[in-house]
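Visitor: data17.txt (compact mmCIF, C-alpha atoms and all ligand atoms) pasted underneath:
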```
# COMPACT_ATOMS: atom_id res chain seq x y z
CA MET A 1 18.50 -36.06 -31.10
CA ALA A 2 19.79 -38.91 -33.28
CA GLU A 3 18.06 -39.79 -36.55
CA GLU A 4 16.80 -42.92 -34.98
CA THR A 5 14.19 -41.89 -32.51
CA ASP A 6 14.39 -43.51 -29.14
CA LEU A 7 11.22 -43.50 -27.03
CA GLN A 8 12.91 -43.26 -23.70
CA SER A 9 15.09 -40.28 -24.51
CA LEU A 10 12.17 -38.55 -26.19
CA VAL A 11 9.99 -38.89 -23.09
CA THR A 12 12.81 -37.83 -20.80
CA ARG A 13 13.53 -34.74 -22.88
CA MET A 14 9.88 -33.75 -22.84
CA ARG A 15 9.82 -33.95 -19.03
CA GLU A 16 13.00 -31.87 -18.82
CA ILE A 17 11.50 -29.24 -21.10
CA ALA A 18 8.37 -29.04 -18.90
CA GLY A 19 10.46 -28.80 -15.72
CA SER A 20 12.72 -26.04 -16.98
CA ALA A 21 9.70 -24.24 -18.49
CA ARG A 22 8.12 -24.03 -15.03
CA VAL A 23 11.23 -22.35 -13.68
CA ARG A 24 11.40 -19.85 -16.57
CA VAL A 25 7.71 -19.01 -16.27
CA ALA A 26 8.09 -18.42 -12.53
CA GLN A 27 10.84 -15.91 -13.32
CA ALA A 28 8.84 -13.93 -15.92
CA GLY A 29 8.74 -10.30 -14.76
CA ASP A 30 5.51 -9.17 -16.39
CA ALA A 31 2.58 -10.14 -18.60
CA GLN A 32 4.54 -9.45 -21.80
CA ALA A 33 7.36 -11.77 -20.66
CA VAL A 34 4.75 -14.50 -20.07
CA GLU A 35 3.40 -14.02 -23.59
CA ASP A 36 6.93 -14.18 -25.07
CA LEU A 37 7.51 -17.42 -23.15
CA ARG A 38 4.25 -18.91 -24.45
CA ILE A 39 5.53 -18.44 -28.01
CA ALA A 40 9.01 -19.71 -27.17
CA LEU A 41 7.77 -22.81 -25.30
CA LEU A 42 4.69 -23.86 -27.23
CA GLY A 43 5.03 -22.13 -30.63
CA LYS A 44 5.85 -23.89 -33.93
CA LYS A 45 9.55 -23.18 -33.53
CA SER A 46 9.73 -24.49 -29.96
CA GLU A 47 11.80 -27.51 -29.05
CA LEU A 48 8.62 -29.31 -27.93
CA SER A 49 7.06 -28.89 -31.40
CA GLY A 50 10.28 -30.26 -32.90
CA LEU A 51 10.04 -33.35 -30.69
CA LEU A 52 6.40 -33.86 -31.69
CA ARG A 53 7.47 -33.98 -35.32
CA LEU A 54 10.05 -36.67 -34.48
CA MET A 55 7.32 -38.91 -33.00
CA GLY A 56 6.48 -39.95 -36.57
CA GLY A 57 9.76 -41.97 -36.59
CA LEU A 58 8.70 -44.16 -33.65
CA PRO A 59 7.31 -47.65 -34.15
CA ALA A 60 3.49 -47.57 -34.08
CA GLU A 61 3.17 -49.32 -30.69
CA GLN A 62 5.40 -46.71 -29.00
CA ARG A 63 3.55 -43.68 -30.30
CA PRO A 64 0.75 -43.63 -27.68
CA GLU A 65 3.22 -43.41 -24.81
CA ALA A 66 5.17 -40.66 -26.56
CA GLY A 67 1.88 -38.83 -27.33
CA LYS A 68 0.80 -39.03 -23.69
CA ALA A 69 4.15 -37.61 -22.49
CA ALA A 70 3.87 -34.80 -25.06
CA ASN A 71 0.35 -33.90 -23.92
CA GLU A 72 1.39 -33.90 -20.27
CA ALA A 73 4.37 -31.64 -20.99
CA LYS A 74 2.16 -29.23 -22.99
CA GLN A 75 -0.49 -29.17 -20.30
CA GLU A 76 2.06 -28.53 -17.55
CA ILE A 77 3.58 -25.62 -19.47
CA SER A 78 0.14 -24.16 -20.32
CA ASP A 79 -0.98 -24.38 -16.70
CA ALA A 80 2.17 -22.61 -15.50
CA LEU A 81 1.75 -19.86 -18.12
CA GLU A 82 -1.91 -19.37 -17.25
CA ALA A 83 -1.27 -19.19 -13.50
CA ARG A 84 1.44 -16.58 -14.02
CA ARG A 85 -0.68 -14.58 -16.47
CA SER A 86 -3.64 -14.42 -14.10
CA ALA A 87 -1.38 -13.44 -11.21
CA PHE A 88 -0.18 -10.43 -13.25
CA ALA A 89 -3.78 -9.58 -14.23
CA ALA A 90 -4.85 -9.65 -10.58
CA ASP A 91 -1.89 -7.40 -9.62
CA GLU A 92 -2.88 -4.98 -12.36
CA ARG A 93 -6.51 -4.91 -11.18
CA ARG A 94 -5.41 -4.29 -7.57
CA ARG A 95 -3.12 -1.50 -8.68
CA ARG A 96 -5.90 0.19 -10.70
CA LEU A 97 -8.42 -0.12 -7.86
CA ALA A 98 -5.96 1.42 -5.43
CA GLN A 99 -5.51 4.38 -7.79
CA GLU A 100 -9.26 4.82 -8.33
CA THR A 101 -10.15 4.91 -4.66
CA LEU A 102 -13.73 6.10 -4.12
CA ASP A 103 -14.69 8.06 -1.04
CA VAL A 104 -18.18 6.78 -0.41
CA THR A 105 -18.70 9.38 2.31
CA LEU A 106 -18.47 12.26 -0.21
CA PRO A 107 -21.84 13.99 -0.73
CA GLY A 108 -23.62 13.07 -3.99
CA ARG A 109 -24.00 15.43 -6.93
CA PRO A 110 -27.34 17.16 -6.36
CA VAL A 111 -29.94 16.87 -9.14
CA PRO A 112 -31.54 20.31 -9.44
CA MET A 113 -35.29 20.20 -8.87
CA GLY A 114 -37.65 22.39 -10.85
CA ARG A 115 -40.53 24.05 -9.10
CA ARG A 116 -43.59 26.10 -9.89
CA HIS A 117 -43.08 29.79 -10.59
CA PRO A 118 -44.05 31.98 -7.58
CA LEU A 119 -46.86 33.54 -9.64
CA THR A 120 -48.27 30.10 -10.47
CA GLN A 121 -48.03 29.17 -6.79
CA THR A 122 -49.81 32.37 -5.78
CA CYS A 123 -52.56 31.82 -8.38
CA ASP A 124 -53.04 28.21 -7.27
CA GLU A 125 -53.25 29.27 -3.63
CA ILE A 126 -55.84 31.98 -4.32
CA ILE A 127 -57.87 29.74 -6.64
CA ALA A 128 -57.95 27.04 -3.94
CA ILE A 129 -59.45 29.55 -1.46
CA PHE A 130 -62.35 30.07 -3.89
CA THR A 131 -62.86 26.57 -5.26
CA GLU A 132 -63.26 25.50 -1.63
CA LEU A 133 -66.28 27.83 -1.54
CA GLY A 134 -67.78 26.31 -4.69
CA PHE A 135 -66.42 28.76 -7.30
CA GLU A 136 -65.74 27.27 -10.76
CA VAL A 137 -62.57 28.14 -12.70
CA ALA A 138 -63.26 29.94 -16.01
CA SER A 139 -61.01 31.44 -18.70
CA GLY A 140 -61.11 33.71 -21.73
CA PRO A 141 -58.77 34.74 -24.59
CA ASP A 142 -55.83 37.16 -24.17
CA LEU A 143 -56.76 38.72 -27.54
CA GLU A 144 -60.16 40.22 -26.88
CA ASP A 145 -62.68 42.13 -28.95
CA GLU A 146 -63.67 45.59 -27.82
CA PHE A 147 -67.18 44.39 -27.03
CA HIS A 148 -66.08 41.99 -24.28
CA ASN A 149 -63.20 44.13 -22.99
CA PHE A 150 -65.11 47.45 -22.96
CA GLU A 151 -68.68 47.83 -24.32
CA ALA A 152 -70.40 44.97 -22.52
CA LEU A 153 -68.70 46.21 -19.33
CA ASN A 154 -70.44 49.56 -19.71
CA ILE A 155 -67.32 51.28 -21.03
CA PRO A 156 -68.61 53.01 -24.23
CA ALA A 157 -66.32 54.02 -27.11
CA ASN A 158 -65.59 57.53 -25.87
CA HIS A 159 -65.55 56.77 -22.19
CA PRO A 160 -62.46 58.11 -20.40
CA ALA A 161 -62.02 54.66 -18.79
CA ARG A 162 -60.51 53.50 -22.10
CA ASP A 163 -57.64 55.89 -21.50
CA MET A 164 -57.61 55.08 -17.82
CA GLN A 165 -56.36 51.63 -18.79
CA ASP A 166 -53.69 52.36 -21.35
CA THR A 167 -54.66 49.83 -23.97
CA PHE A 168 -52.57 47.88 -26.54
CA TYR A 169 -54.78 48.05 -29.66
CA LEU A 170 -54.02 45.54 -32.42
CA ALA A 171 -53.60 46.68 -36.03
CA GLU A 172 -55.97 43.95 -37.24
CA GLY A 173 -58.66 44.99 -34.72
CA GLY A 174 -59.27 43.89 -31.15
CA VAL A 175 -57.11 44.50 -28.08
CA LEU A 176 -54.80 42.69 -25.70
CA ARG A 177 -57.24 42.42 -22.80
CA THR A 178 -56.58 45.12 -20.24
CA HIS A 179 -58.20 43.15 -17.40
CA THR A 180 -59.82 39.77 -16.75
CA SER A 181 -63.28 41.40 -16.51
CA PRO A 182 -64.23 40.29 -20.08
CA VAL A 183 -64.36 36.76 -18.61
CA GLN A 184 -67.31 38.00 -16.51
CA ILE A 185 -69.19 38.65 -19.76
CA ARG A 186 -68.15 35.34 -21.35
CA SER A 187 -69.12 33.43 -18.19
CA MET A 188 -72.56 35.06 -17.97
CA GLN A 189 -73.14 34.41 -21.68
CA SER A 190 -72.26 30.73 -21.41
CA ARG A 191 -73.83 29.86 -18.04
CA ARG A 192 -77.17 30.37 -16.32
CA PRO A 193 -77.43 31.91 -12.85
CA PRO A 194 -76.77 31.17 -10.06
CA LEU A 195 -73.11 31.28 -10.95
CA ALA A 196 -69.83 31.70 -9.10
CA VAL A 197 -66.62 31.75 -11.15
CA ILE A 198 -62.99 32.59 -10.65
CA ALA A 199 -60.86 33.40 -13.71
CA PRO A 200 -57.06 33.75 -13.64
CA GLY A 201 -55.15 35.13 -16.62
CA ARG A 202 -52.62 37.51 -18.09
CA VAL A 203 -53.57 41.10 -18.85
CA TYR A 204 -51.72 43.88 -20.71
CA ARG A 205 -51.35 47.63 -20.27
CA CYS A 206 -48.86 50.32 -21.33
CA ASP A 207 -47.74 50.79 -17.76
CA ALA A 208 -44.40 50.20 -16.02
CA ASP A 209 -42.71 51.11 -12.72
CA LEU A 210 -41.79 49.32 -9.47
CA THR A 211 -45.35 48.14 -8.83
CA HIS A 212 -46.75 48.21 -12.42
CA SER A 213 -45.83 45.88 -15.28
CA PRO A 214 -47.00 46.00 -18.95
CA MET A 215 -48.03 42.36 -18.63
CA PHE A 216 -49.33 41.13 -15.32
CA THR A 217 -51.72 38.61 -13.84
CA GLN A 218 -55.22 39.10 -12.55
CA ILE A 219 -57.79 36.84 -11.01
CA GLU A 220 -61.39 37.81 -11.65
CA GLY A 221 -64.21 36.74 -9.38
CA LEU A 222 -67.93 36.87 -10.17
CA MET A 223 -71.03 35.72 -8.37
CA VAL A 224 -74.57 36.26 -9.67
CA ASP A 225 -77.79 35.07 -8.06
CA GLU A 226 -80.98 36.44 -6.58
CA ASP A 227 -80.25 38.67 -3.61
CA VAL A 228 -76.43 38.84 -3.76
CA ARG A 229 -75.38 41.78 -1.60
CA MET A 230 -72.42 44.05 -0.90
CA SER A 231 -72.09 42.33 2.49
CA ASP A 232 -71.51 39.02 0.64
CA LEU A 233 -68.70 40.67 -1.31
CA LYS A 234 -67.18 42.11 1.84
CA GLY A 235 -67.36 38.73 3.59
CA ILE A 236 -65.69 36.93 0.69
CA LEU A 237 -62.91 39.52 0.39
CA GLU A 238 -62.23 39.40 4.11
CA ARG A 239 -62.02 35.62 3.96
CA LEU A 240 -59.58 35.86 1.05
CA ILE A 241 -57.34 38.34 2.89
CA HIS A 242 -57.39 36.39 6.14
CA ARG A 243 -56.62 33.11 4.39
CA TYR A 244 -53.88 34.51 2.15
CA PHE A 245 -52.17 37.09 4.38
CA GLY A 246 -53.23 35.91 7.85
CA GLU A 247 -55.73 37.46 10.22
CA ASP A 248 -53.43 40.22 11.54
CA ARG A 249 -52.57 41.84 8.24
CA PRO A 250 -54.02 45.38 8.17
CA TYR A 251 -56.25 46.09 5.15
CA ARG A 252 -58.84 48.66 4.18
CA LEU A 253 -61.84 48.77 1.86
CA ARG A 254 -62.06 52.14 0.16
CA PRO A 255 -64.82 53.55 -2.10
CA SER A 256 -63.81 53.74 -5.75
CA PHE A 257 -65.21 53.85 -9.26
CA PHE A 258 -65.51 51.35 -12.11
CA PRO A 259 -68.03 51.72 -14.96
CA PHE A 260 -69.06 48.07 -14.58
CA THR A 261 -69.80 48.07 -10.83
CA GLU A 262 -72.00 50.21 -8.60
CA PRO A 263 -71.11 50.76 -5.83
CA SER A 264 -67.39 50.12 -6.30
CA ALA A 265 -64.52 49.68 -3.89
CA GLU A 266 -60.82 48.99 -3.78
CA VAL A 267 -58.84 47.02 -1.23
CA ASP A 268 -55.45 48.17 0.05
CA ILE A 269 -53.04 46.10 2.13
CA LEU A 270 -50.46 47.65 4.42
CA TRP A 271 -46.91 47.28 3.08
CA HIS A 272 -44.17 47.63 5.63
CA LYS A 273 -41.21 48.59 3.43
CA ASP A 274 -37.60 47.67 4.24
CA SER A 275 -36.94 51.40 4.65
CA GLY A 276 -39.27 51.30 7.69
CA GLU A 277 -41.96 53.27 5.88
CA ASP A 278 -45.56 51.95 5.89
CA VAL A 279 -47.61 52.42 2.71
CA TRP A 280 -51.00 51.15 1.49
CA LEU A 281 -50.74 49.14 -1.73
CA GLU A 282 -53.88 48.61 -3.80
CA VAL A 283 -54.46 44.91 -4.53
CA LEU A 284 -57.93 44.70 -6.05
CA GLY A 285 -60.96 46.46 -7.45
CA ALA A 286 -64.47 45.22 -6.72
CA GLY A 287 -68.14 46.13 -6.57
CA MET A 288 -71.74 45.15 -7.25
CA VAL A 289 -72.20 44.24 -10.92
CA HIS A 290 -73.77 47.27 -12.65
CA PRO A 291 -77.38 46.57 -13.77
CA ALA A 292 -76.41 47.70 -17.29
CA VAL A 293 -73.82 44.89 -17.45
CA LEU A 294 -76.45 42.31 -16.43
CA GLU A 295 -78.78 43.65 -19.12
CA ASN A 296 -75.95 43.54 -21.72
CA VAL A 297 -75.82 39.74 -21.35
CA GLY A 298 -79.62 39.37 -21.27
CA TYR A 299 -79.98 38.91 -17.50
CA ASP A 300 -82.95 40.41 -15.65
CA SER A 301 -81.38 43.08 -13.45
CA GLN A 302 -84.59 43.42 -11.43
CA ARG A 303 -84.42 39.80 -10.27
CA LEU A 304 -80.65 39.15 -10.26
CA SER A 305 -77.74 40.85 -8.60
CA GLY A 306 -74.06 40.04 -8.32
CA PHE A 307 -70.66 41.08 -7.13
CA ALA A 308 -67.35 41.03 -8.98
CA PHE A 309 -63.72 41.68 -8.17
CA GLY A 310 -60.40 41.71 -10.02
CA LEU A 311 -57.19 41.26 -8.08
CA GLY A 312 -53.53 41.73 -8.98
CA VAL A 313 -51.68 38.43 -8.41
CA GLU A 314 -48.19 40.03 -8.47
CA ARG A 315 -49.29 42.53 -5.81
CA PHE A 316 -50.54 39.70 -3.59
CA ALA A 317 -47.20 37.89 -3.89
CA MET A 318 -45.15 41.10 -3.42
CA LEU A 319 -46.99 41.91 -0.19
CA LYS A 320 -46.79 38.40 1.21
CA TYR A 321 -43.09 37.89 0.52
CA GLY A 322 -41.86 41.50 0.72
CA ILE A 323 -40.77 41.66 -2.94
CA PRO A 324 -39.95 45.30 -3.71
CA ASN A 325 -39.90 45.18 -7.52
CA ILE A 326 -42.53 43.59 -9.77
CA ARG A 327 -39.99 42.92 -12.55
CA LEU A 328 -38.35 40.19 -10.45
CA PHE A 329 -41.27 37.93 -11.41
CA TYR A 330 -40.40 38.08 -15.11
CA GLU A 331 -36.59 38.01 -15.15
CA ASN A 332 -36.46 34.32 -14.23
CA ASP A 333 -33.31 34.77 -12.18
CA LEU A 334 -32.86 31.41 -10.44
CA ARG A 335 -31.52 33.10 -7.28
CA PHE A 336 -34.94 34.75 -6.98
CA LEU A 337 -37.07 31.78 -8.09
CA ARG A 338 -35.31 29.33 -5.74
CA GLN A 339 -36.62 31.24 -2.74
CA PHE A 340 -40.17 29.98 -3.30
C1 LIG B 401 -59.44 46.42 -12.92
O1 LIG B 401 -58.68 45.92 -13.73
C2 LIG B 401 -60.85 45.97 -12.81
N1 LIG B 401 -61.17 45.14 -13.92
C3 LIG B 401 -61.02 45.24 -11.47
C4 LIG B 401 -62.46 44.99 -11.16
C5 LIG B 401 -63.03 43.77 -11.48
C6 LIG B 401 -63.24 45.95 -10.51
C7 LIG B 401 -64.34 43.51 -11.17
C8 LIG B 401 -64.57 45.72 -10.24
C9 LIG B 401 -65.11 44.48 -10.55
P1 LIG B 401 -57.59 47.90 -11.83
O2 LIG B 401 -57.16 48.56 -13.06
O3 LIG B 401 -57.60 48.72 -10.58
O4 LIG B 401 -59.03 47.28 -11.96
O5 LIG B 401 -56.68 46.63 -11.59
C10 LIG B 401 -56.98 45.66 -10.60
C11 LIG B 401 -55.73 45.26 -9.83
O6 LIG B 401 -54.73 44.84 -10.73
C12 LIG B 401 -55.09 46.42 -9.10
O7 LIG B 401 -55.70 46.58 -7.83
C13 LIG B 401 -53.66 45.97 -8.97
O8 LIG B 401 -53.55 45.05 -7.90
C14 LIG B 401 -53.45 45.23 -10.24
N2 LIG B 401 -52.76 46.04 -11.27
C15 LIG B 401 -53.27 47.05 -12.01
N3 LIG B 401 -52.38 47.51 -12.89
C16 LIG B 401 -51.25 46.79 -12.71
C17 LIG B 401 -49.96 46.76 -13.32
N4 LIG B 401 -49.65 47.56 -14.35
N5 LIG B 401 -49.05 45.86 -12.87
C18 LIG B 401 -49.37 45.02 -11.87
N6 LIG B 401 -50.56 44.97 -11.26
C19 LIG B 401 -51.50 45.85 -11.67
```
Can you present the structure in this file as structure tokens?
Guide:
Amino acid sequence: MAEETDLQSLVTRMREIAGSARVRVAQAGDAQAVEDLRIALLGKKSELSGLLRLMGGLPAEQRPEAGKAANEAKQEISDALEARRSAFAADERRRRLAQETLDVTLPGRPVPMGRRHPLTQTCDEIIAIFTELGFEVASGPDLEDEFHNFEALNIPANHPARDMQDTFYLAEGGVLRTHTSPVQIRSMQSRRPPLAVIAPGRVYRCDADLTHSPMFTQIEGLMVDEDVRMSDLKGILERLIHRYFGEDRPYRLRPSFFPFTEPSAEVDILWHKDSGEDVWLEVLGAGMVHPAVLENVGYDSQRLSGFAFGLGVERFAMLKYGIPNIRLFYENDLRFLRQF
């Protein structure tokens, strides 16, 4: 360009620059080449910027036309660069999507569901059978005093029944309750007859083999009113067995002994083992509340009578589902728990 700026050649040169820029941009091979071209074509050191600086030498009335041509050239180059850049971006996006192909027919990742422990389920099922009949749910402490666990239940200090149930005695006094029967005492002390309660809970004994565990679960039942009879107990137990095991499950009621009931009985359910052998498994103890127990809580044993029972929840579940070993309930092996 000559020192003396000439409008016409300035405008012509600007149009040439824009035209050749379009060709160069169209030939850019990738996004980086487009960026390099942007600097070369529009940057401070570009020919176009040099021409813009020369516009100062034009007479004032010619500057608008030169300015318009400069803006048009800039705009044309920018548009070409932008179109090319977005074409590369779209290619890149298509390429990435093709690589990341999703198979929407693949099965989802399962979210593991928690569920109630089989013992909780068994307890809930048995409790429901009784609450339907109007029984209230009661509870008592796992750490009992000897009065509630033994004395009030007619088991005096030197009675052999205290050995019968191998007891965990605590150094600071008291015991881990050996059965849920102390809840009978607590319920009679806190309520007035007529009463019908059901009391689930953990109990503890030094006892362990395939069908005995040092900690297990019992559900106690107690009903006290005027004229409660052994036939009421038998009817309730039969209803429980029919509802829980079904009407065809063989069971037997067998005379037994407990210091806190008179007469006393035990219930056995037939267990058809995998080996083919049939055995009777004891599931509960029961009987008519001993008059001495009624007197111990201040009830009139001439006017009132009652029945009570205590059942082993693990035994109920073992017999229903054919579980051969009581320890399976406490190991929390998911392969076992998932079956319920
Ligand atoms: C009692 O515990 C009495 N309190 C039951 C009772 C209540 C009788 C009210 C009369 C009136 P027993 O020790 O038999 O009784 O236990 C009751 C049931 O608990 C048994 O029939 C058995 O099903 C279950 N059981 C006993 N010991 C264990 C043990 N170590 N592991 C698992 N279950 C057991």
Visitor: Report as JSON the centre and the edge lengths, in Å to one decimal, of the axis-aligned box holding every listed atom of ligand LIG 401 (chain B), padded by 6 Å on each side.
Guide:
```
{"center_x": -57.1, "center_y": 46.1, "center_z": -11.1, "size_x": 28.1, "size_y": 17.2, "size_z": 18.5}
```
Visitor: Grab the atom CA of His159 of chain A to atom C6 of ligand LIG 401 (chain B) distance for me, in Å with one decimal place.
Guide: 16.1 Å
Visitor: Can you work out which residues are within 9 Å of ligand LIG 401 (chain B), considering only C-alpha atoms and all ligand atoms, and then hand them over as an MDAnalysis selection string?
Guide: chainID A and resid 164:165 178:182 184 203:222 257:262 264:268 281:289 307:316 326
Visitor: In Å to one decimal, how far is atom CA of His272 of chain A from atom CA of Ile323 of chain A?
Guide: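 Rounded to one decimal, the two atoms are 11.0 Å apart.
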Visitor: Pick out the residues sitting within 8 Å of Val293 of chain A, and hand them over as a CSV table (one decimal) with C-alpha atoms, keeping the file's coordinate frame; count only C-alpha atoms, and ignore anything fewer than 2 positions along from it in its own chain.
Guide:
```
chain,number,residue,atom,x,y,z
A,152,ALA,CA,-70.4,45.0,-22.5
A,153,LEU,CA,-68.7,46.2,-19.3
A,154,ASN,CA,-70.4,49.6,-19.7
A,260,PHE,CA,-69.1,48.1,-14.6
A,289,VAL,CA,-72.2,44.2,-10.9
A,290,HIS,CA,-73.8,47.3,-12.6
A,291,PRO,CA,-77.4,46.6,-13.8
A,295,GLU,CA,-78.8,43.6,-19.1
A,296,ASN,CA,-76.0,43.5,-21.7
A,297,VAL,CA,-75.8,39.7,-21.4
```
Visitor: Within 9 Å of Arg303 of chain A, counting only C-alpha atoms, which residues qualify if same-chain residues fewer than 4 places away don't, as a list in words?
Guide: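 Near neighbours after the sequence-gap exclusion: Asp225, Glu226, Asp227 and Tyr299 of chain A.
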Visitor: Counting all atoms listed in the file, give me one row per residue of segment 51-106 of chain A with an atom at most 12 Å from an atom of segment 10-16 of chain A, showing the shortest contact pair and its distance in Å to one decimal, sorted by chain then residue number, as CSV.
Guide:
```
residue,atom,partner,partner_atom,distance
A:Leu51,CA,A:Leu10,CA,7.2
A:Leu52,CA,A:Leu10,CA,9.2
A:Arg53,CA,A:Leu10,CA,11.2
A:Leu54,CA,A:Leu10,CA,8.8
A:Met55,CA,A:Leu10,CA,8.4
A:Gly56,CA,A:Leu10,CA,11.9
A:Gly57,CA,A:Leu10,CA,11.2
A:Leu58,CA,A:Leu10,CA,10.0
A:Gln62,CA,A:Val11,CA,10.8
A:Arg63,CA,A:Val11,CA,10.8
A:Pro64,CA,A:Val11,CA,11.4
A:Glu65,CA,A:Val11,CA,8.3
A:Ala66,CA,A:Val11,CA,6.2
A:Gly67,CA,A:Val11,CA,9.2
A:Lys68,CA,A:Val11,CA,9.2
A:Ala69,CA,A:Val11,CA,6.0
A:Ala70,CA,A:Met14,CA,6.5
A:Asn71,CA,A:Met14,CA,9.6
A:Glu72,CA,A:Arg15,CA,8.5
A:Ala73,CA,A:Met14,CA,6.2
A:Lys74,CA,A:Met14,CA,8.9
A:Gln75,CA,A:Arg15,CA,11.4
A:Glu76,CA,A:Arg15,CA,9.6
A:Ile77,CA,A:Arg15,CA,10.4
```
